[in-house]
Every structure is written in structure tokens, then in C-alpha cells.
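**Q** One file: model31.txt (compact mmCIF, C-alpha atoms).
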```txt
# COMPACT_ATOMS: atom_id res chain seq x y z
CA MET A 76 301.81 123.01 189.11
CA LEU A 77 299.07 121.43 186.98
CA LYS A 78 299.78 117.87 185.85
CA ILE A 79 298.37 117.21 182.41
CA ASP A 80 298.10 113.75 180.87
CA PRO A 81 300.71 113.27 178.11
CA ILE A 82 298.06 112.77 175.42
CA TRP A 83 297.24 116.49 175.73
CA GLN A 84 300.89 117.58 175.40
CA PRO A 85 301.94 119.04 172.02
CA ASP A 86 305.01 116.82 171.56
CA ILE A 87 303.04 113.61 172.11
CA GLN A 88 300.22 114.85 169.89
CA GLN A 89 302.71 115.61 167.13
CA ALA A 90 304.20 112.12 167.43
CA ASN A 91 300.73 110.57 167.39
CA PHE A 92 299.77 112.69 164.38
CA ARG A 93 302.78 111.32 162.51
CA LEU A 94 301.65 107.83 163.52
CA LEU A 95 298.13 108.45 162.18
CA LEU A 96 299.59 109.72 158.89
CA ASP A 97 301.61 106.50 158.63
CA ALA A 98 298.51 104.47 159.44
CA MET A 99 296.57 106.21 156.65
CA SER A 100 299.51 105.66 154.26
CA TYR A 101 299.67 101.92 155.02
CA PRO A 102 296.04 100.80 155.30
CA GLY A 103 295.41 97.81 157.52
CA ARG A 104 298.80 97.94 159.24
CA CYS A 105 298.70 98.10 163.05
CA PHE A 106 300.57 100.92 164.76
CA ASN A 107 301.36 101.28 168.44
CA PHE A 108 300.46 104.56 170.11
CA HIS A 109 303.22 106.50 171.82
CA GLU A 110 301.04 107.38 174.77
CA VAL A 111 297.56 106.44 175.87
CA GLN A 112 295.72 107.70 178.90
CA ASN A 113 296.16 105.49 181.95
CA GLU A 114 292.55 104.54 182.46
CA GLY A 115 291.48 105.46 178.94
CA LYS A 116 291.55 103.92 175.50
CA ALA A 117 293.62 104.71 172.44
CA SER A 118 290.50 106.27 170.91
CA LEU A 119 290.98 109.27 173.20
CA SER A 120 294.56 109.65 171.96
CA VAL A 121 293.25 109.72 168.37
CA LEU A 122 290.64 112.33 169.26
CA ALA A 123 293.12 114.41 171.28
CA THR A 124 295.46 114.42 168.28
CA LEU A 125 292.94 115.26 165.57
CA LEU A 126 290.34 117.48 167.18
CA ASP A 127 290.20 121.15 168.07
CA ALA A 128 287.53 123.83 168.25
CA GLU A 129 287.34 124.05 164.44
CA VAL A 130 285.83 120.59 163.93
CA THR A 131 282.77 118.75 165.20
CA LEU A 132 282.42 115.42 166.97
CA SER A 133 279.57 113.02 167.49
CA ASP A 134 279.45 110.34 170.17
CA PRO A 135 276.24 108.44 169.35
CA TYR A 136 277.19 105.48 171.60
CA ASN A 137 278.06 107.67 174.61
CA LEU A 138 281.62 106.37 174.87
CA LEU A 139 283.18 109.60 176.10
CA ARG A 140 283.09 110.85 179.68
CA ALA A 141 281.62 114.28 180.35
CA ASP A 142 285.10 115.44 181.44
CA ASP A 143 286.59 114.61 178.03
CA TRP A 144 284.51 117.14 176.09
CA PRO A 145 286.02 120.40 177.39
CA MET A 146 289.50 118.91 176.90
CA LEU A 147 288.72 118.07 173.27
CA GLN A 148 287.20 121.54 172.67
CA SER A 149 285.08 120.23 169.79
CA LYS A 150 281.41 120.96 169.42
CA SER A 151 279.05 118.03 169.91
CA VAL A 152 276.72 117.53 166.93
CA SER A 153 274.56 114.73 165.53
CA ALA A 154 276.33 111.97 163.61
CA ASP A 155 274.90 112.90 160.21
CA ILE A 156 276.74 116.26 160.18
CA ALA A 157 279.80 115.46 162.31
CA ASP A 158 283.39 115.66 161.04
CA TYR A 159 284.42 112.88 163.44
CA ILE A 160 282.26 110.09 164.85
CA LEU A 161 283.27 107.85 167.72
CA CYS A 162 281.70 104.42 167.30
CA ASP A 163 281.34 101.21 169.26
CA ALA A 164 282.22 98.59 166.63
CA SER A 165 280.46 95.80 168.53
CA GLN A 166 277.12 97.54 168.03
CA LEU A 167 275.19 98.25 164.83
CA PRO A 168 275.69 101.44 162.82
CA ILE A 169 272.80 103.74 163.74
CA PHE A 170 273.53 106.77 161.56
CA SER A 171 274.42 107.92 158.05
CA PRO A 172 277.67 109.88 158.07
CA LYS A 173 278.36 112.74 155.68
CA LEU A 174 280.16 111.52 152.57
CA GLY A 175 281.35 114.86 151.19
CA THR A 176 280.42 116.28 147.79
CA LEU A 177 282.05 115.95 144.39
CA ALA A 178 283.36 119.49 144.74
CA ASP A 179 284.49 118.96 148.35
CA PRO A 180 285.01 115.25 149.01
CA GLU A 181 287.11 116.11 152.05
CA GLN A 182 283.97 117.45 153.74
CA SER A 183 283.17 113.90 154.83
CA ALA A 184 283.27 112.12 158.17
CA THR A 185 286.10 110.18 159.76
CA LEU A 186 284.86 107.28 161.85
CA ILE A 187 286.84 106.07 164.85
CA LEU A 188 285.73 102.53 165.59
CA MET A 189 286.54 101.06 168.99
CA VAL A 190 287.21 97.33 168.70
CA ASP A 191 288.28 94.75 171.31
CA ASN A 192 291.56 93.72 169.67
CA LEU A 193 293.62 94.70 166.67
CA GLY A 194 296.31 92.46 165.21
CA GLN A 195 294.73 89.42 166.80
CA GLY A 196 291.25 88.02 166.88
CA GLU A 197 288.74 85.85 165.12
CA GLN A 198 287.89 88.07 162.17
CA THR A 199 290.33 88.52 159.32
CA LEU A 200 289.97 91.27 156.76
CA LYS A 201 291.71 91.03 153.41
CA LEU A 202 292.61 94.48 152.14
CA PHE A 203 293.85 95.77 148.82
CA GLY A 204 294.09 99.11 147.05
CA PRO A 205 296.41 102.18 147.18
CA GLY A 206 299.13 101.89 149.83
CA ILE A 207 299.05 98.08 149.81
CA LYS A 208 301.55 96.21 147.65
CA ASP A 209 299.49 93.09 146.98
CA THR A 210 297.14 92.36 149.82
CA GLU A 211 297.24 93.09 153.52
CA SER A 212 295.41 91.07 156.11
CA LEU A 213 294.15 92.57 159.32
CA THR A 214 292.92 90.46 162.18
CA VAL A 215 290.46 92.07 164.50
CA ASP A 216 288.15 91.17 167.35
CA GLY A 217 284.90 92.83 168.21
CA ILE A 218 283.67 94.38 165.00
CA ASN A 219 280.09 93.86 163.91
CA SER A 220 279.99 92.78 160.23
CA ALA A 221 277.29 95.40 159.61
CA TRP A 222 280.02 98.09 159.78
CA LEU A 223 281.90 96.46 156.92
CA SER A 224 278.86 96.16 154.66
CA LYS A 225 277.80 99.73 155.52
CA ARG A 226 281.34 100.92 154.76
CA ASN A 227 281.15 99.27 151.32
CA GLU A 228 277.98 101.29 150.67
CA TRP A 229 279.49 104.55 151.92
CA VAL A 230 282.71 104.30 149.86
CA CYS A 231 281.25 102.93 146.62
CA SER A 232 281.13 106.33 144.85
CA PHE A 233 284.72 107.54 145.02
CA PRO A 234 285.78 110.32 145.77
CA LEU A 235 282.81 110.40 148.15
CA GLY A 236 283.00 108.22 151.23
CA VAL A 237 284.28 107.95 154.75
CA ASP A 238 287.66 107.15 156.27
CA MET A 239 287.81 104.75 159.19
CA MET A 240 290.26 104.20 161.99
CA LEU A 241 290.05 101.04 164.05
CA VAL A 242 291.43 101.36 167.58
CA ASP A 243 291.80 99.03 170.54
CA ASP A 244 293.47 99.84 173.86
CA GLN A 245 296.91 100.42 172.35
CA HIS A 246 296.82 100.17 168.55
CA VAL A 247 295.36 101.88 165.53
CA ALA A 248 294.83 100.73 161.95
CA ALA A 249 293.34 102.88 159.22
CA LEU A 250 290.90 102.05 156.45
CA PRO A 251 290.92 104.99 154.02
CA ARG A 252 288.04 105.22 151.57
CA THR A 253 290.27 103.97 148.74
CA THR A 254 290.88 100.61 150.43
CA LYS A 255 288.84 97.64 149.26
CA LEU A 256 288.17 94.95 151.82
CA GLU A 257 286.79 91.46 152.01
CA GLU A 258 285.96 89.39 155.06
CA VAL A 259 287.87 86.10 155.01
CA MET B 88 283.98 141.27 199.24
CA ILE B 89 285.50 142.53 196.00
CA GLN B 90 283.58 141.39 192.91
CA ARG B 91 284.78 138.20 191.23
CA SER B 92 285.16 139.95 187.87
CA ALA B 93 287.85 142.20 189.40
CA TRP B 94 289.98 139.40 190.88
CA VAL B 95 292.03 138.54 187.78
CA SER B 96 292.94 142.11 186.83
CA ALA B 97 293.87 142.87 190.45
CA LEU B 98 296.03 139.75 190.85
CA LYS B 99 297.67 140.42 187.48
CA ALA B 100 299.08 143.64 188.96
CA ILE B 101 300.95 141.67 191.66
CA PRO B 102 304.55 140.66 190.80
CA THR B 103 304.31 137.24 189.12
CA ASN B 104 306.85 135.56 191.42
CA ASN B 105 304.85 136.53 194.51
CA LEU B 106 301.67 135.19 192.98
CA LEU B 107 303.26 131.91 191.85
CA SER B 108 304.97 131.27 195.18
CA LEU B 109 301.73 131.88 197.10
CA THR B 110 299.67 129.57 194.86
CA GLU B 111 302.36 126.90 195.04
CA LYS B 112 302.42 127.15 198.84
CA ILE B 113 298.68 126.95 199.42
CA SER B 114 298.10 124.15 196.92
CA GLU B 115 300.97 121.96 198.11
CA ASP B 116 298.82 119.00 199.22
CA TRP B 117 295.86 119.59 196.88
CA THR B 118 295.07 117.63 193.73
CA LEU B 119 294.77 119.88 190.69
CA ARG B 120 293.17 118.55 187.51
CA PRO B 121 292.71 120.40 184.24
CA LYS B 122 289.10 120.74 183.07
CA SER B 123 290.29 122.04 179.71
CA VAL B 124 293.76 122.15 178.20
CA PRO B 125 295.56 125.27 179.53
CA GLN B 126 296.59 127.31 176.54
CA SER B 127 298.45 130.42 175.55
CA GLY B 128 298.50 132.09 172.19
CA LEU B 129 297.51 135.17 170.29
CA GLY B 130 294.01 136.57 170.20
CA MET B 131 292.89 138.71 167.27
CA MET B 132 291.16 141.96 168.08
CA LYS B 133 288.33 142.51 165.63
CA LEU B 134 286.78 145.94 165.12
CA LYS B 135 284.41 147.51 162.61
CA ASP B 136 285.41 150.59 160.69
CA SER B 137 283.10 153.56 161.09
CA ALA B 138 282.71 154.36 157.37
CA LEU B 139 281.72 151.05 155.78
CA ASN B 140 281.01 149.16 158.98
CA GLU B 141 283.22 146.30 157.82
CA ALA B 142 285.15 144.12 160.23
CA PHE B 143 288.93 144.29 160.30
CA TYR B 144 291.65 143.00 162.61
CA LEU B 145 293.24 145.81 164.57
CA GLY B 146 296.00 143.63 165.95
CA GLU B 147 296.97 140.72 168.13
CA PHE B 148 297.13 140.35 171.88
CA PRO B 149 298.60 137.61 174.07
CA LEU B 150 296.02 135.43 175.73
CA ALA B 151 296.36 132.57 178.21
CA SER B 152 293.53 130.55 179.68
CA ALA B 153 293.10 127.83 182.28
CA TRP B 154 290.19 125.97 183.84
CA LEU B 155 290.96 123.56 186.64
CA GLU B 156 289.44 121.45 189.36
CA VAL B 157 290.79 121.55 192.90
CA ILE B 158 290.39 118.65 195.33
CA THR B 159 291.52 119.32 198.89
CA PRO B 160 292.71 116.51 201.24
CA ASP B 161 289.33 116.56 203.03
CA GLY B 162 287.61 115.79 199.71
CA HIS B 163 286.24 119.25 198.98
CA LYS B 164 285.95 119.79 195.22
CA THR B 165 285.77 123.12 193.50
CA GLU B 166 286.64 124.73 190.18
CA GLY B 167 288.33 127.90 189.04
CA ALA B 168 289.08 129.52 185.70
CA ALA B 169 290.96 132.47 184.30
CA GLN B 170 291.55 134.16 180.98
CA VAL B 171 294.31 136.71 181.03
CA LEU B 172 296.27 139.01 178.72
CA ASP B 173 299.55 137.15 179.13
CA ASP B 174 301.57 134.61 177.17
CA ARG B 175 302.41 132.35 180.13
CA VAL B 176 300.22 129.37 180.85
CA GLU B 177 301.50 129.14 184.43
CA VAL B 178 300.16 132.62 185.16
CA ALA B 179 296.70 131.64 183.90
CA GLU B 180 296.88 128.45 186.01
CA ALA B 181 297.83 130.40 189.13
CA LEU B 182 295.00 132.87 188.54
CA ALA B 183 292.52 130.04 187.96
CA LEU B 184 293.65 128.51 191.24
CA CYS B 185 293.15 131.85 193.01
CA ASP B 186 289.69 132.05 191.47
CA ALA B 187 288.85 128.63 192.97
CA VAL B 188 290.39 129.52 196.34
CA LEU B 189 288.47 132.78 196.66
CA SER B 190 285.14 131.55 195.31
CA SER B 191 285.04 128.58 197.70
CA GLN B 192 287.03 130.24 200.49
CA LEU B 193 289.51 127.37 200.61
CA PRO B 194 292.32 127.42 203.21
CA GLY B 195 294.60 130.35 202.46
CA TRP B 196 291.88 132.48 200.85
CA GLU B 197 292.64 135.38 203.21
CA GLN B 198 296.19 135.64 201.82
CA VAL B 199 294.89 135.60 198.26
CA TYR B 200 292.25 138.18 199.12
CA LYS B 201 294.93 140.41 200.60
CA MET B 202 296.77 140.18 197.28
CA VAL B 203 293.60 141.16 195.43
CA GLU B 204 293.32 144.28 197.62
CA GLN B 205 296.98 145.11 196.99
CA GLY B 206 296.45 144.62 193.26
CA ILE B 207 293.47 146.96 193.25
CA ASP B 208 295.56 149.62 194.99
CA ILE B 209 298.34 149.16 192.41
CA ASN B 210 295.84 149.40 189.54
CA LYS B 211 294.31 152.57 191.02
CA LYS B 212 297.76 154.15 191.31
CA THR B 213 298.64 153.16 187.73
CA ASN B 214 295.36 154.58 186.43
CA ARG B 215 295.97 157.85 188.30
CA GLU B 216 299.45 158.14 186.76
CA ARG B 217 298.12 157.40 183.28
CA LYS B 218 295.41 160.03 183.65
CA MET B 219 297.99 162.60 184.74
CA MET B 220 300.23 161.75 181.76
CA LEU B 221 297.25 162.02 179.42
CA ALA B 222 296.28 165.39 180.89
CA ARG B 223 299.82 166.69 180.36
CA THR B 224 299.86 165.72 176.70
CA ARG B 225 296.45 167.19 175.92
CA VAL B 226 296.63 169.81 173.15
CA ASP B 227 294.35 172.82 173.03
CA PHE B 228 293.40 173.07 169.36
CA THR B 229 291.42 176.30 169.84
CA LEU B 230 294.71 178.24 169.87
CA LEU B 231 295.69 176.69 166.52
CA ASP B 232 292.33 177.76 165.10
CA ASN B 233 293.08 181.38 166.06
CA VAL B 234 296.49 181.21 164.42
CA GLY B 235 294.96 179.76 161.29
CA ASN B 236 292.41 182.55 161.08
CA ASP B 237 295.11 185.19 161.57
CA ASN B 238 297.09 183.69 158.69
CA ALA B 239 294.02 183.64 156.46
CA GLU B 240 293.43 187.34 157.10
CA ASP B 241 297.02 188.12 156.19
```
In C-alpha cells, what does this structure look like?

**A**
Amino acid sequence: MLKIDPIWQPDIQQANFRLLLDAMSYPGRCFNFHEVQNEGKASLSVLATLLDAEVTLSDPYNLLRADDWPMLQSKSVSADIADYILCDASQLPIFSPKLGTLADPEQSATLILMVDNLGQGEQTLKLFGPGIKDTESLTVDGINSAWLSKRNEWVCSFPLGVDMMLVDDQHVAALPRTTKLEEV
Amino acid sequence: MIQRSAWVSALKAIPTNNLLSLTEKISEDWTLRPKSVPQSGLGMMKLKDSALNEAFYLGEFPLASAWLEVITPDGHKTEGAAQVLDDRVEVAEALALCDAVLSSQLPGWEQVYKMVEQGIDINKKTNRERKMMLARTRVDFTLLDNVGNDNAED
């Protein structure tokens, strides 16, 4: 009777969760989403896969529609205490995410950065670290360089830090806190 | 008009097939959109013990919920929601639709309202039967007290 978009269906969410695990295992590699919402972006597929009522979300750039919130079930909080933060990569970072503690480094934020293009674009990032054999290069369009310098600050005291996921309309690439990056 | 809070329990008493076929019929040309993901699962019933006043889980119960938006062909928009002791999402969806139909008096609301009245009658009958069964099983402990005293004297 009720038609629900595939991104809210358990089987698609499980497949997308597997895809996000792969993305975190192979930093900088672009992965194609199984399903994205017709008029939406892949960022909503990431959120639909990862979020439930147990975690908190911040949307400091007002990227979500009012209708998306009840579907996600997460509580809206300010960015400095949020478990997940949805960001517009073309703008400047306007918050300080939680970085976890030495006892609980997992109590840190995961940032979902919406970019224009992944796998093609004018900016190239050179990545190295765990999960990358030698180096990986990621081309991207629509990311403000301030995010990359801020990220370097946030992840400089391992195991504290943040994990990032870059998403465009169809793809996702992950930048775990262990990945080192340079702008080429 | 019967109170809104009584609609779900009354409609739950109606045979599920009747309820589903009615909701399917009246919503044939409507657009239904979920406002939250319809879900079914187990709820945990939490109680406090009377001695230490500490919380404990008495047990689990099936719970299904739905919240949807209805758009009729003439553009009328309304919402309905339901939370029900059942493990079938489609039942919660049908009840949420009935909630929207009755609260906004959408076309077909009279048929749904009739079902609510039938459900209330069924619930009343069930409650009467349960009360009778309870009355039959009631034990008069005063007689046992007398027996106990007699034994003690012996």
C-alpha cells in the first residue's frame, strides 16, 4: 500500500552498509551507491544507512529537507556534540567537531561532505596510510581547501580525530582519520 | 463522534482482512507517502519492583508503527499515524490511513467510522466475557483461613 523509497529498505541499506565498510577499508577509492533517492543526493543514502534513533546528527548548512528528519529518526544537535555532521564542502568549516577521548576515541564525529564531483575534477588529493598500498589519488570537484587543512588539525593526535566521507550525486569515498593526504 | 484515542483499539478488533480491503479500496487513487519509516519490532515493557523500586524488564511485546501523508486527487493533504500491538507493518499502515481518513473526514470516512463502532462493540463483548471468566475463577480465601484455624486448634 505504502511505497517507500528503496534507500529506506533494509536490503538496500545492508548493501550500502557493506559499500561504506569497503570505502572505509580502501581510503580514497570511489564506490558507486546501489540506490540513491530519485531527486536526492547520495548523502541521504549514507545517512539512511548509518543513522537511527541512537545517534545524533547536525546539519549546520541546512542541506536536509524538513521531511528527511523523521525518516532518519536521529536527534538534531549542534555540530560540536554531533555523532554525524552533514557538510557543504564548497563552504568553509564553521564548527569544531568532537574528536573523541583517549579512552573512547570512537566517541568522535563522522563528517559527510557533499562535493560536486568525485573521481573527476580539478583538485587531486594524494593519499597514503593504512589501507593504501603505496599512494592513492582522488580527484574531486567542489571542496574548499579549508576542509583539508582543518582535517589535518583534527586528525593530528591519533587516535583522536574525525572520519570523513566525501559524496557526490552517486559516489562515495572515505577518508578515515588514519589516512594522510596532500593536495597535488 | 468517538474519541480519536479509541479509534486504533476499536479498529484492531475488526478482522484484519476486512480492514485491509477497506483501506485499499478507499485509497485506490490517493498518493500515500511515509512521514517516517514504518516499522515493526519488539517493545520492552519496563516496570519498577515494589521493594527496591528498581527498574526491570517484565517482557516483550510486538509493536508496529506508521506515520503517513495522504494526498487526494483534489490536492487535499492530511496526515495519519498509528502505533499498535502487532507485528505487521501493513496493519499499522492501514490504521494510520484510517486515522487520516477519520480525522479529516476524507471520502469513505463513514465506512471507516462504521468499522470503529463495530470494533467498540466487539471490544465491549470481549471485556464482558473476560470479566465473567475472572469472576468464575475468583477464590474466596476466607474459607481457607477458617480451615487453617481449625487445624491449628487440633

**Q** Between B:Asp116, B:Glu147, B:Glu204, B:Asp227, which one has atoms that come closest to B:Leu172, using all atoms listed in the file?

**A**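 Going through B:Asp116, B:Glu147, B:Glu204, B:Asp227 one by one, the smallest distance to B:Leu172 is for B:Glu147.
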
**Q** Could you please select, counting all atoms listed in the file, the residues of chain B within 7 Å of chain A and state them as a list in words?

**A**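 Close to chain A, chain B has Leu119, Arg120, Pro121, Lys122, Ser123 and Val124 of chain B.
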
**Q** What's around stretch 165-173 of chain A at 9 Å? Count all atoms listed in the file, leave out sequence neighbours fewer than 6 positions away in its own chain, and write the answer as a PyMOL selection string.

**A** chain A and resi 135-136+153-158+182-186+189-191+217-222+225+229+236-237

**Q** Using all atoms listed in the file, which protein or nucleic acid residues come within 7 Å of stretch 93-110 of chain B? Drop anything in the same chain fewer than 6 positions from it, and give the result as a VMD selection string.

**A** chain B and resid 181 to 182 202 to 203 206 to 207 209 to 210

**Q** Using the selection just defined, write its residues with C-alpha atoms as a PDB file, in the coordinates of the input.

**A**
```pdb
ATOM      1  CA  ALA B 181     297.830 130.400 189.130  1.00  0.00           C
ATOM      2  CA  LEU B 182     295.000 132.870 188.540  1.00  0.00           C
ATOM      3  CA  MET B 202     296.770 140.180 197.280  1.00  0.00           C
ATOM      4  CA  VAL B 203     293.600 141.160 195.430  1.00  0.00           C
ATOM      5  CA  GLY B 206     296.450 144.620 193.260  1.00  0.00           C
ATOM      6  CA  ILE B 207     293.470 146.960 193.250  1.00  0.00           C
ATOM      7  CA  ILE B 209     298.340 149.160 192.410  1.00  0.00           C
ATOM      8  CA  ASN B 210     295.840 149.400 189.540  1.00  0.00           C
TER       9      ASN B 210
END
```

**Q** Compare B:Met88, B:Ala142, B:Ile113, B:Leu129 by their minimum atom-to-atom distance to B:Leu184, counting all atoms listed in the file, and give me the closest one.

**A**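 Looking only at the distances to B:Leu184, the closest residue turns out to be B:Ile113.
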
**Q** Would you pick out the contacts of A:Gln198 at 8 Å or less, using all atoms listed in the file, so that residues sharing its chain but fewer than 4 positions from it are not included, and give the list as a list in words?

**A**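 Counting only the stated atoms, we get Thr214, Val215, Asp216, Glu258 and Val259 of chain A.
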
**Q** Can those selected residues be exported to a file as a short mmCIF file (atom, residue, chain, number, x, y, z; two decimals), keeping the file's coordinate frame so that it contains C-alpha atoms?

**A**
```cif
data_model
loop_
_atom_site.label_atom_id
_atom_site.label_comp_id
_atom_site.auth_asym_id
_atom_site.auth_seq_id
_atom_site.Cartn_x
_atom_site.Cartn_y
_atom_site.Cartn_z
CA THR A 214 292.92 90.46 162.18
CA VAL A 215 290.46 92.07 164.50
CA ASP A 216 288.15 91.17 167.35
CA GLU A 258 285.96 89.39 155.06
CA VAL A 259 287.87 86.10 155.01
#
```

**Q** Could you check which of B:Gln126, B:Ser137, B:Thr213, B:Ser191 is closest to B:Val176, using only C-alpha atoms?

**A** B:Gln126

**Q** Show me the residues around (301.0, 117.0, 172.5) - criterion: an atom at most 12 Å away, all atoms listed in the file counted - as an MDAnalysis selection string.

**A** (chainID A and resid 79:93 109:111 120:126) or (chainID B and resid 124 126)

**Q** Using only C-alpha atoms, which protein or nucleic acid residues come within 7 Å of A:Glu257? Drop anything in the same chain fewer than 2 positions from it, and give the result as an NGL selection string.

**A** :A and (200-202 or 259)

**Q** Generate a file of the selected residues that holds C-alpha atoms, formatted as a PDB file, in the coordinates of the input.

**A**
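Result went into again-v4.pdb, see below:
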```
ATOM      1  CA  LEU A 200     289.970  91.270 156.760  1.00  0.00           C
ATOM      2  CA  LYS A 201     291.710  91.030 153.410  1.00  0.00           C
ATOM      3  CA  LEU A 202     292.610  94.480 152.140  1.00  0.00           C
ATOM      4  CA  VAL A 259     287.870  86.100 155.010  1.00  0.00           C
TER       5      VAL A 259
END
```

**Q** In Å to one decimal, how far is atom CA of B:Trp117 from atom CA of B:Tyr200?

**A**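 Atom-to-atom, atom CA of B:Tyr200 to atom CA of B:Trp117, that is 19.1 Å.
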
**Q** State, in Å with one decimal place, the distance from atom CA of A:Pro205 to atom CA of A:Ser118.

**A**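 Pair atom CA of A:Pro205 / atom CA of A:Ser118 returns 24.8 Å.
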
**Q** Mind pulling up the distance from atom CA of B:Leu189 to atom CA of B:Arg217?

**A**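 If I compute the distance from atom CA of B:Arg217 to atom CA of B:Leu189, I get 29.6 Å.
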
**Q** Rank nothing, just name the residue among A:Ala128, A:Leu223, A:Ala248, A:Leu188 nearest to A:Tyr101, using all atoms listed in the file.

**A**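 That would be A:Ala248, the residue with the smallest distance to A:Tyr101.
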
**Q** May I have the residues at most 9 Å from (284.5, 114.7, 149.1) in the file's coordinates, counting all atoms listed in the file, as a compact mmCIF listing (two decimals) with C-alpha atoms, keeping the file's coordinate frame?

**A**
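As a result, result15.txt now contains:
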```
# COMPACT_ATOMS: atom_id res chain seq x y z
CA LEU A 174 280.16 111.52 152.57
CA GLY A 175 281.35 114.86 151.19
CA THR A 176 280.42 116.28 147.79
CA LEU A 177 282.05 115.95 144.39
CA ALA A 178 283.36 119.49 144.74
CA ASP A 179 284.49 118.96 148.35
CA PRO A 180 285.01 115.25 149.01
CA GLU A 181 287.11 116.11 152.05
CA GLN A 182 283.97 117.45 153.74
CA SER A 183 283.17 113.90 154.83
CA PHE A 233 284.72 107.54 145.02
CA PRO A 234 285.78 110.32 145.77
CA LEU A 235 282.81 110.40 148.15
CA GLY A 236 283.00 108.22 151.23
CA VAL A 237 284.28 107.95 154.75
```

**Q** Applying 10 Å and only C-alpha atoms, which residues near B:Phe148 remain after dropping the ones on its own chain fewer than 2 positions away? List them as a list in words.

**A**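 Close residues of B:Phe148: Gly128, Leu129, Gly130, Met131, Met132, Leu145, Gly146, Leu150, Leu172, Asp173 and Asp174 of chain B.
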
**Q** Identify which of the residues A:Val130, A:Cys162, A:Val242, A:Val230 lies closest to A:Leu193, counting all atoms listed in the file when measuring atom-to-atom distances.

**A** A:Val242

**Q** Would you compute the box with edges along x, y and z of the file around stretch 139-151 of chain B, including every atom the file lists for it and 6 Å extra on each side, and give its centre and edge lengths in Å to one decimal, as JSON?

**A**
```
{"center_x": 289.8, "center_y": 141.8, "center_z": 167.0, "size_x": 29.6, "size_y": 30.5, "size_z": 34.4}
```
